[in-house]
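Participant: Could you have a look at this structure, given as structure tokens, before my questions?
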Amino acid sequence: MARLRDPDIGLTLDHALVLWFPRSISVTGNDVVELHLHGGRAVVAIVLETLSKQSGLRPAEPGEFTRQAFENGAIDLAEAEGLGDLLGAETEAQRRNAVAQIGGSLTRLAQSWGNDLLRLSALAEAAIDFSDEDDVEGNFRKEIQDGAAVLIADISQKLEQPPAERLFGGIRVAILGPPNAGKSTLFNRLLDRDAAIVSATPGTTRDVIEGSVNVDGILFTFIDTAGIRADSLDSIEKIGIARAIAQINTVDIILALGGWQGDTLVPIVNVSAKSDIETATSGMSISASTGAGMDLLMAEVKAIARSLLPPLDAVALNDRHREILRRMLCPLGLIEHEKDELIIAEHLRLSRRSLGEMTGGNDSEALLDVLFGAFCIGK
């Protein structure tokens with residue numbers, strides 16, 4: 001413990017824990033001092049104010065320490081992204097995915113693919129060296145093409161898995177159906193609060209209303225919509241109906257009330273939401289008003305959601321990773337019918353170059369600015 005004082009007036013600011021990390025063991029590659037203060041806002045404010053008056057000190061930019069760790073080689077770009085995800089994690093699934101990425105799961109996968117590419121490149125160079133021997137050259141070419149096909153299949157399978165954005169953006173669930181089917185009552189029940197106005201008057205809901213909730217480690221965004229009917233004469237209600245219909249192919253799951261049917265590839269759960277006052281004619285019977293049957297409904301919704309999310313503890317690719325891999329596959333796919341060893345070698349080089357961007361080997365300064373700028377101050 002150490003007493004922190006204002007050097008100008010000698011005022012005691014706090015009794016704090018002070019940790020010193022010399023650059024030889026600091027992940028940033030710089031000398032680092034950590035002040036572990038008591039958490040009151042006044043304490044933090046006066047210490048920051050005092051530090052700001054000292055020559056040579058300034059507040060860190062967003063993501064600056066993480067970027068220093070990246071530039072010092074302590075972490076790669078994929079691990080830095082995982083740290084950013086961990087800082088913003090709100091659910092257990094998000095936390096576990098971020099921890100796996102920080103632990104190098106994506107880095108190891110990229111390294112495995114990179115090693116395969118290097119092996120194929122070595123074979124391509126050998127094929128060039130023996131280009132005057134047709135039988136040897138052909139054997140090399142076939143081995144390269146077979147290896148590239150295996151790699152393409154492996155990466156394509158990974159690209160087919162659910163994206164990381166769905167894990168962090170949450171599962172969007174739209175509640176659709178005719179007026180007075182119990183949509184707003186169900187919406188409020190799902191959120192466990194009165195977020196939407198409930199009325200027996202048809203057409204009460206005129207707009208799209210959203211609310212998010214964490215259910216057993218899965219982030220859901222539930223969407224209440226206007227009742228869908230063809231005979232409305234109200235111009236404002238018609239706008240609400242159009243907005244409700246627009247949700248059909250933009251969400252992940254649809255809760256269809258009142259026998260509503262639509263042309264969509266989105267998973268649909270048919271629900272009768274008024275079991276307390278009327279007999280269900282189709283679908284799962286619940287009471288949005290009393291809560292009866294809600295456990296069964298949420299079990300069904302969670303089962304569908306888990307099928308749409310990346311597996312726990314598995315490597316989940318975000319949009320940046322997926323774009324890199326698609327660019328990597330383009331030249332790799334051209335190898336299958338190519339007979340010129342020099343061109344094959346160039347295709348492999350381009351694939352290796354693209355893959356290097358996964359962990360930061362080829363990233364531009366502009367990309368790094370965007371990535372680390374999204375971090376909070378001081379990280």
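FYI, nothing fancy with the structure tokens labels: chains A, B, ... in order, residues from 1 per chain, ligands from 1 as they appear.
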Can you list, as a list in words, every protein, DNA or RNA residue that comes within 7 Å of Ile228 of chain A when you count only C-alpha atoms, leaving out same-chain residues fewer than 6 positions away?
Facilitator: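 Counting only the stated atoms, we get Gly177, Pro178, Pro179 and Ile241 of chain A.
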Participant: Among segment 45-280 of chain A, which residues carry a DSSP assignment of alpha helix (DSSP H), reported as a ChimeraX atom specification?
Facilitator: /A:45-52,64-71,77-87,92-102,105-129,134-159,164-169,183-191,235-246
Participant: Just the residues within 12 Å of Ala242 of chain A, please, counting only C-alpha atoms, with nothing from its chain fewer than 3 positions along; format it as number ranges by chain.
Facilitator: A: 176, 206-208, 225-230, 232, 235-239, 245-248
Participant: Nearest to Ser272 of chain A among A:Arg326, A:Leu309, A:Ile152, A:Gly182, with distances taken over only C-alpha atoms: which residue is it?
Facilitator: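 Going through A:Arg326, A:Leu309, A:Ile152, A:Gly182 one by one, the smallest distance to Ser272 of chain A is for A:Gly182.
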Participant: Compare A:Ala122, A:Asn115, A:Arg95, A:Ala316 by their minimum atom-to-atom distance to Glu346 of chain A, counting only C-alpha atoms, and give me the closest one.
Facilitator: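 Checking each of A:Ala122, A:Asn115, A:Arg95, A:Ala316 against Glu346 of chain A, counting only C-alpha atoms, the winner is A:Ala122.
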Participant: Segment 75-85 of chain A: which residues within 7 Å, counting only C-alpha atoms, same-chain residues fewer than 6 positions away excluded, as a count of residues only?
Facilitator: 13
Participant: Could you pull out the strand (DSSP E) residues of segment 165-274 of chain A from DSSP and send them as number ranges by chain?
Facilitator: A: 171-176, 209-215, 218-224, 253-257, 268-272
Participant: Would you save the residues from that selection as a CSV table (one decimal), in the first residue's frame, using N, CA and C atoms?
Facilitator:
```csv
chain,number,residue,atom,x,y,z
A,171,ILE,N,-30.4,-13.0,-30.7
A,171,ILE,CA,-31.4,-13.6,-31.5
A,171,ILE,C,-32.6,-12.7,-31.6
A,172,ARG,N,-33.0,-12.4,-32.8
A,172,ARG,CA,-34.1,-11.5,-33.0
A,172,ARG,C,-35.4,-12.3,-33.2
A,173,VAL,N,-36.4,-12.1,-32.4
A,173,VAL,CA,-37.7,-12.9,-32.4
A,173,VAL,C,-38.8,-11.9,-32.6
A,174,ALA,N,-39.5,-12.1,-33.7
A,174,ALA,CA,-40.7,-11.2,-34.0
A,174,ALA,C,-42.0,-11.9,-33.6
A,175,ILE,N,-42.9,-11.2,-33.1
A,175,ILE,CA,-44.2,-11.7,-32.7
A,175,ILE,C,-45.2,-11.1,-33.7
A,176,LEU,N,-45.7,-12.0,-34.5
A,176,LEU,CA,-46.6,-11.6,-35.6
A,176,LEU,C,-48.0,-12.3,-35.5
A,209,ILE,N,-41.9,-2.4,-31.8
A,209,ILE,CA,-41.4,-2.1,-30.5
A,209,ILE,C,-40.4,-3.2,-30.2
A,210,GLU,N,-39.2,-2.9,-29.7
A,210,GLU,CA,-38.2,-3.9,-29.4
A,210,GLU,C,-37.8,-3.9,-28.0
A,211,GLY,N,-37.4,-5.0,-27.4
A,211,GLY,CA,-36.9,-5.1,-26.1
A,211,GLY,C,-35.9,-6.3,-26.0
A,212,SER,N,-34.8,-6.1,-25.3
A,212,SER,CA,-33.8,-7.2,-25.2
A,212,SER,C,-33.8,-7.8,-23.8
A,213,VAL,N,-33.5,-9.1,-23.7
A,213,VAL,CA,-33.4,-9.7,-22.4
A,213,VAL,C,-32.4,-10.9,-22.5
A,214,ASN,N,-31.7,-11.2,-21.4
A,214,ASN,CA,-30.8,-12.3,-21.4
A,214,ASN,C,-31.6,-13.5,-20.8
A,215,VAL,N,-31.7,-14.6,-21.5
A,215,VAL,CA,-32.4,-15.8,-21.1
A,215,VAL,C,-31.4,-16.9,-21.1
A,218,ILE,N,-28.4,-16.5,-23.3
A,218,ILE,CA,-28.7,-16.2,-24.7
A,218,ILE,C,-29.3,-14.8,-24.7
A,219,LEU,N,-28.8,-13.9,-25.5
A,219,LEU,CA,-29.4,-12.6,-25.7
A,219,LEU,C,-30.5,-12.6,-26.7
A,220,PHE,N,-31.7,-12.3,-26.3
A,220,PHE,CA,-32.8,-12.2,-27.2
A,220,PHE,C,-33.3,-10.8,-27.4
A,221,THR,N,-33.7,-10.4,-28.6
A,221,THR,CA,-34.4,-9.2,-28.8
A,221,THR,C,-35.8,-9.6,-29.3
A,222,PHE,N,-36.8,-9.3,-28.5
A,222,PHE,CA,-38.2,-9.6,-28.9
A,222,PHE,C,-38.8,-8.4,-29.5
A,223,ILE,N,-39.6,-8.6,-30.6
A,223,ILE,CA,-40.1,-7.5,-31.4
A,223,ILE,C,-41.7,-7.6,-31.4
A,224,ASP,N,-42.3,-6.6,-30.9
A,224,ASP,CA,-43.8,-6.5,-31.0
A,224,ASP,C,-44.2,-5.8,-32.2
A,253,ILE,N,-36.3,-15.8,-35.6
A,253,ILE,CA,-37.4,-16.7,-35.2
A,253,ILE,C,-38.7,-15.8,-35.3
A,254,ILE,N,-39.8,-16.5,-35.6
A,254,ILE,CA,-41.1,-15.8,-35.6
A,254,ILE,C,-42.0,-16.6,-34.7
A,255,LEU,N,-42.6,-15.9,-33.8
A,255,LEU,CA,-43.7,-16.4,-33.0
A,255,LEU,C,-45.0,-16.0,-33.7
A,256,ALA,N,-45.7,-17.0,-34.2
A,256,ALA,CA,-46.9,-16.7,-35.0
A,256,ALA,C,-48.1,-16.9,-34.2
A,257,LEU,N,-48.9,-15.9,-33.9
A,257,LEU,CA,-50.1,-15.9,-33.1
A,257,LEU,C,-51.3,-15.9,-34.0
A,268,ILE,N,-40.6,-20.9,-37.6
A,268,ILE,CA,-41.8,-20.3,-37.0
A,268,ILE,C,-42.3,-21.2,-35.9
A,269,VAL,N,-42.7,-20.6,-34.8
A,269,VAL,CA,-43.3,-21.3,-33.7
A,269,VAL,C,-44.8,-20.8,-33.6
A,270,ASN,N,-45.7,-21.7,-33.9
A,270,ASN,CA,-47.1,-21.3,-33.8
A,270,ASN,C,-47.6,-21.3,-32.4
A,271,VAL,N,-48.3,-20.2,-32.0
A,271,VAL,CA,-48.7,-20.1,-30.6
A,271,VAL,C,-50.1,-19.6,-30.5
A,272,SER,N,-50.9,-20.2,-29.6
A,272,SER,CA,-52.2,-19.7,-29.2
A,272,SER,C,-52.0,-19.1,-27.8
```
Participant: In Å, rounded to a single decimal, give me how far atom CA of Leu355 of chain A is from atom CA of Ala110 of chain A.
Facilitator: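 Interatomic distance here is 7.1 Å.
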Participant: Which residue, A:Leu332, A:Val266, A:Met284, A:Ala124, has the smallest gap to Ala305 of chain A when you use only C-alpha atoms?
Facilitator: A:Val266
Participant: Hey, can you check how far atom CA of Met328 of chain A sits from atom CA of Val315 of chain A?
Facilitator: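 So the answer is 18.1 Å.
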Participant: What does the distance from atom CA of Asn97 of chain A to atom CA of Asp313 of chain A come to in Å, to one decimal?
Facilitator: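 Atom CA of Asp313 of chain A lies 5.5 Å from atom CA of Asn97 of chain A.
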Participant: From the list A:Asp154, A:Glu278, A:Glu90, A:Asp14, which residue is nearest Gly40 of chain A when using only C-alpha atoms?
Facilitator: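 Among the listed residues, the smallest separation from Gly40 of chain A belongs to A:Asp14.
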Participant: Which one is closest to Lys142 of chain A: A:Leu4, A:Leu19, A:Ile335, A:Leu317? Count only C-alpha atoms.
Facilitator: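 Nearest candidate to Lys142 of chain A out of A:Leu4, A:Leu19, A:Ile335, A:Leu317: A:Ile335.
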Participant: Write out as a list in words the residues lying within 7 Å of Leu13 of chain A, counting only C-alpha atoms and excluding same-chain residues fewer than 6 positions away.
Facilitator: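 Counting only C-alpha atoms, the residues come to Leu4, Arg5, Asp6, Val43, Ile46 and Val47 of chain A.
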Participant: Between A:Gly262, A:Ile144, A:Asp319, A:Ala74, which one has atoms that come closest to Ile25 of chain A, using only C-alpha atoms?
Facilitator: A:Ala74
Participant: Skipping near chain neighbours, those fewer than 5 positions away, what residues fall within 12 Å of Gln54 of chain A using only C-alpha atoms, listed as a ChimeraX atom specification?
Facilitator: /A:6-8,47-49,59
